[in-house]
Structures are given as C-alpha cells and as structure tokens.
Amino acid sequence: MTKKQCLYGVNLGGWLVLEKWMTPSVFQDTTADNEYELVQVKGGGARLRDHHDTFIVEADFRWLRDNRVTAVRIPFGYWIFGDEPPYIGAIEKLDWAVDMAEKYGLKVILDLHGAPGAQNEADHSGSGRPKTEKWLHHSGHQERTIEILEKIAERYYDKTSIWGIELLNEPTLDWSTLRLVHFYRKAYRRLIRVARPGTVIVFGDGFRPLLLTGALRAHKNFPVIMDSHFYQCFSARDKQRGPSSHLEKVRVKRYRQLRYLRQQQPVAVGEWSGVLPQEVYVQMDHQRRIELRNQYIEAQLSTYEAAAGWFYWSYKTEQDDDWNFRFLVDSGNLSLT
C-alpha cells in the first residue's frame with residue numbers, strides 16, 4: 001500500500017465496551033471490575049448511559065478530522081442491541097457514531113469486540129458474564145455471533161462511512177486453528193449475502209498471523225483484510241529487550257512480517273500503541289524516556305505505511321499517558337503531518 005492509501009486511524013476504545021483501566025471514574029466507589037458487574041450495582045446503568053453520552057461527542061470527530069485521522073475502529077459488544085440483559089444496549093450511540101463519521105469524512109471499522117460466551121478471557125470480551133463453555137468450542141455461540149454480524153451489516157447497508165466489519169476481536173486459539181478458520185469462512189459467506197458490496201470483511205489473526213494468513217479468500221465485491229495487533233509491552237521476552245532491540249523489532253521484523261503477510265491478503269494493524277515495558281526505562285531520566293517513546297512511535301508510523309491502515313489504541317483514556325492518542329498529539333509528541 002502507498003502512503004496515500006494507508007488509513008490513519010484510532011480505536012474508540014473504552015466507550016461502548018468498558019475497560020476499567022481506561023475510565024476508572026465510571027467504576028469509582030463500586031466493587032465492579034467490568035461492564036457486566038457495573039450494570040448490576042445500584043446506579044450502574046445510569047453511570048454507563050452517562051458515559052456513553054459524554055466520553056465521545058461530536059467535537060471528538062471534528063478533532064480527529066482536523067488532525068489528519070482518516071478512520072475509526074469502533075469496538076462494540078454482542079449486547080449492543082439491548083437484548084442481552086443485564087447488559088445495556090447502545091445501538092443508538094453506534095448509529096450516531098456512524099453518522100458523525102460520515103459527517104466528518106471518516107471511514108469506520110465496526111469491530112465485534114465481545115462475542116456470546118466470550119472469545120477470550122479479557123473483561124472486554126464480555127467474560128465478566130458467567131459461562132461454562134468457551135466460544136471456540138461452542139457452535140451455538142458462534143451461530144449467535146454470526147447473527148449479530150448479519151444484523152449489523154443489514155443495519156448499516158446504506159451508510160457510506162462503513163469501510164469494514166471485523167468478524168471478531170482477538171479470539172483465543174487452542175492447538176488448532178481449524179475451528180476459527182471454519183467460523184471465519186462461514187461468517188464471511190453469510191455476511192456477503194447481506195452487506196453492501198465493497199464492504200471490507202476483516203478477520204483477526206488471534207496473535208498467530210503466520211497460521212491465520214490466507215484463512216479467507218476474497219469473493220468479488222467483498223475485499224478481505226487480516227487484522228494484526230502489534231504490542232511490545234506485555235510479553236516476558238519484550239520486557240527483557242533493550243531500547244535498540246525494541247526499535248529494531250519494529251523497523252525490521254514488523255516490516256518484513258507485513259510484507260510477507262501481504263502476499264496472501266492486505267493487512268491492517270488494528271491495534272498498536274507507544275507503550276513500552278517499564279523495564280526498558282530503568283535508569284532513564286524523564287527526557288530520555290520521552291525521546292525513546294517518540295522514536296518508538298515514529299518507527300511504527302513509518303513501518304505501518306506498508307499496511308492497509310493502522311489504528312492506535314486508543315483515541316483517549318482518562319489518564320494523560322502513552323495509551324492516549326489525543327494526549328500525545330496535543331502535547332506535540334505525535335504528529336501525522
């Protein structure tokens with residue numbers, strides 16, 4: 001992909017799918033740790049609705065356009081339609097966001113972030129809800145997932161801001177990838193019957209891109225893109241890397257990886273950030289820390305031009321930190337110019 005074709009995007013994380021670490025004030029003075037628990041405490045539903053109304057507003061979409069962002073990835077849960085109590089739906093807010101994106105010329109990926117039965121163990125997958133079987137091995141949960149995707153595709157058929165629909169965020173895999181590939185192919189066949197021609201169907205790599213690449217073959221009028229998430233702050237190996245090793249991983253390994261994966265299908269970097277392990281900053285003064293963080297961001301911006309698009313995690317949080325794209329831009333530490 002050329003620079004002109006690459007989407008510059010952000011995730012609207014922590015909005016329609018809560019994550020406590022991103023918006024701790026919503027959970028203040030409660031024992032709730034996730035959205036499922038929050039809506040069951042006294043006043044929790046009112047807190048959530050207020051958060052939906054205030055965390056992302058029209059001025060945010062204007063700011064994104066004015067700062068050269070061209071796309072948003074919007075995470076939502078399987079409860080978005082309000083038919084999965086005790087979860088509270090927010091389909092009218094998703095409708096509004098799609099309209100705002102259209103008004104300000106932004107493209108949208110609608111990202112199914114939490115599936116029935118939970119596709120991973122993270123709170124944002126809906127795993128706060130008690131469950132006895134895992135999504136990957138439960139055909140009923142997978143069928144329900146596809147039905148939700150179909151409803152989404154039908155609802156936004158005429159919305160030109162919809163660039164793509166992501167089948168599932170970060171599914172956990174076991175020893176075999178076949179079950180997930182089977183789900184992706186079934187979901188793809190069903191979606192292309194109801195989605196607007198030209199809609200991109202996005203499938204996540206489950207953090208195993210070399211195994212999942214080529215899982216879907218595009219039919220006429222419905223392009224396919226694989227979504228890879230690139231973080232270097234979580235694994236034990238990354239916590240042992242020095243500054244130069246982190247930069248080399250981005251400039252060499254990630255670049256080669258993207259070029260290799262593109263041989264099967266285009267790739268989007270659906271999530272990335274400027275966050276590095278705290279271990280890498282040991283014995284660094286504040287100025288050196290900022291310099292390294294900015295070098296890391298700049299290296300990623302350069303490398304990800306080889307992708308179909310990239311989406312920072314996340315547009316904003318309640319803290320002024322390295323997860324907060326808007327803070328980094330407003331403070332002069334990240335620029336798309």
# chains A, B, ... in the order shown; residues from 1 in each chain; ligands from 1
call {"tool": "select_by_dssp", "arguments": {"residues": "segment 76-256 of chain A", "states": "strand (DSSP E or B)", "output": "VMD selection string"}}
result
chain A and resid 76 to 77 107 to 114 162 to 166 200 to 204 219 222 224 to 230
call {"tool": "residues_around", "arguments": {"residues": "segment 56-59 of chain A", "least_positions_apart": "6", "cutoff": "10 Å", "atoms": "only C-alpha atoms", "output": "JSON, numbers by chain"}}
result
{"A": [12, 14, 15, 16, 65, 93, 96, 97, 100, 101, 103, 104, 315, 316]}
call {"tool": "residues_around", "arguments": {"residues": "Ala115 of chain A", "least_positions_apart": "3", "cutoff": "8 Å", "atoms": "only C-alpha atoms", "output": "CSV table (one decimal) with N, CA and C atoms, in the first residue's frame"}}
result
chain,number,residue,atom,x,y,z
A,77,GLY,N,-20.0,-4.6,21.8
A,77,GLY,CA,-20.2,-6.0,22.3
A,77,GLY,C,-21.5,-6.6,21.7
A,78,TYR,N,-21.6,-7.9,21.9
A,78,TYR,CA,-22.7,-8.6,21.3
A,78,TYR,C,-24.1,-8.1,22.0
A,112,LEU,N,-16.5,-6.2,16.3
A,112,LEU,CA,-17.2,-7.1,17.3
A,112,LEU,C,-16.2,-7.5,18.4
A,118,ALA,N,-17.9,-15.3,25.2
A,118,ALA,CA,-16.6,-14.7,25.3
A,118,ALA,C,-15.5,-15.5,24.5
A,119,GLN,N,-14.9,-14.8,23.5
A,119,GLN,CA,-13.9,-15.4,22.7
A,119,GLN,C,-12.5,-15.3,23.3
A,125,SER,N,-14.2,-8.8,26.5
A,125,SER,CA,-14.8,-9.8,25.6
A,125,SER,C,-16.2,-10.1,26.1
A,126,GLY,N,-16.6,-9.6,27.3
A,126,GLY,CA,-17.8,-10.0,27.9
A,126,GLY,C,-17.7,-11.1,28.9
A,135,TRP,N,-16.2,-20.0,23.7
A,135,TRP,CA,-16.7,-19.7,22.4
A,135,TRP,C,-16.2,-20.6,21.3
A,141,HIS,N,-22.8,-20.5,20.3
A,141,HIS,CA,-22.2,-19.1,20.5
A,141,HIS,C,-21.8,-18.6,19.1
A,145,THR,N,-23.1,-15.3,17.2
A,145,THR,CA,-22.1,-14.3,16.7
A,145,THR,C,-22.4,-13.9,15.3
A,168,LEU,N,-14.4,-10.6,14.5
A,168,LEU,CA,-14.2,-10.9,15.9
A,168,LEU,C,-12.9,-10.4,16.4
call {"tool": "residues_around", "arguments": {"residues": "Ser302 of chain A", "least_positions_apart": "4", "cutoff": "10 Å", "atoms": "only C-alpha atoms", "output": "VMD selection string"}}
result
chain A and resid 3 250 to 251 255 297 to 298 306
call {"tool": "write_last_selection", "arguments": {"atoms": "N, CA and C atoms", "output": "tab-separated table (two decimals), in the first residue's frame"}}
result
chain	number	residue	atom	x	y	z
A	3	LYS	N	1.53	5.37	0.74
A	3	LYS	CA	1.19	6.24	1.85
A	3	LYS	C	-0.20	6.83	1.69
A	250	VAL	N	10.56	-3.25	15.43
A	250	VAL	CA	9.59	-2.53	14.62
A	250	VAL	C	10.11	-2.33	13.20
A	251	ARG	N	11.33	-1.85	13.08
A	251	ARG	CA	11.85	-1.45	11.77
A	251	ARG	C	12.18	-2.62	10.87
A	255	TYR	N	8.30	-4.94	9.76
A	255	TYR	CA	8.23	-4.58	8.34
A	255	TYR	C	8.26	-5.82	7.46
A	297	ILE	N	7.30	5.41	18.53
A	297	ILE	CA	6.10	5.79	17.78
A	297	ILE	C	6.45	6.10	16.33
A	298	GLU	N	7.50	6.88	16.11
A	298	GLU	CA	7.88	7.26	14.75
A	298	GLU	C	8.27	6.04	13.92
A	306	ALA	N	3.25	0.25	5.33
A	306	ALA	CA	3.16	-0.95	4.50
A	306	ALA	C	1.84	-1.68	4.70
call {"tool": "closest_residue", "arguments": {"among": "A:Glu150, A:Asp111, A:Glu291, A:Asp50", "to": "Phe311 of chain A", "atoms": "only C-alpha atoms"}}
result
A:Asp111
call {"tool": "select_by_dssp", "arguments": {"residues": "segment 17-182 of chain A", "states": "alpha helix (DSSP H)", "output": "JSON, numbers by chain"}}
result
{"A": [35, 36, 37, 38, 44, 45, 46, 47, 48, 49, 50, 51, 52, 53, 54, 58, 59, 60, 61, 62, 63, 64, 65, 66, 91, 92, 93, 94, 95, 96, 97, 98, 99, 100, 101, 102, 103, 139, 140, 141, 142, 143, 144, 145, 146, 147, 148, 149, 150, 151, 152, 153, 154, 155, 178, 179, 180, 181, 182]}
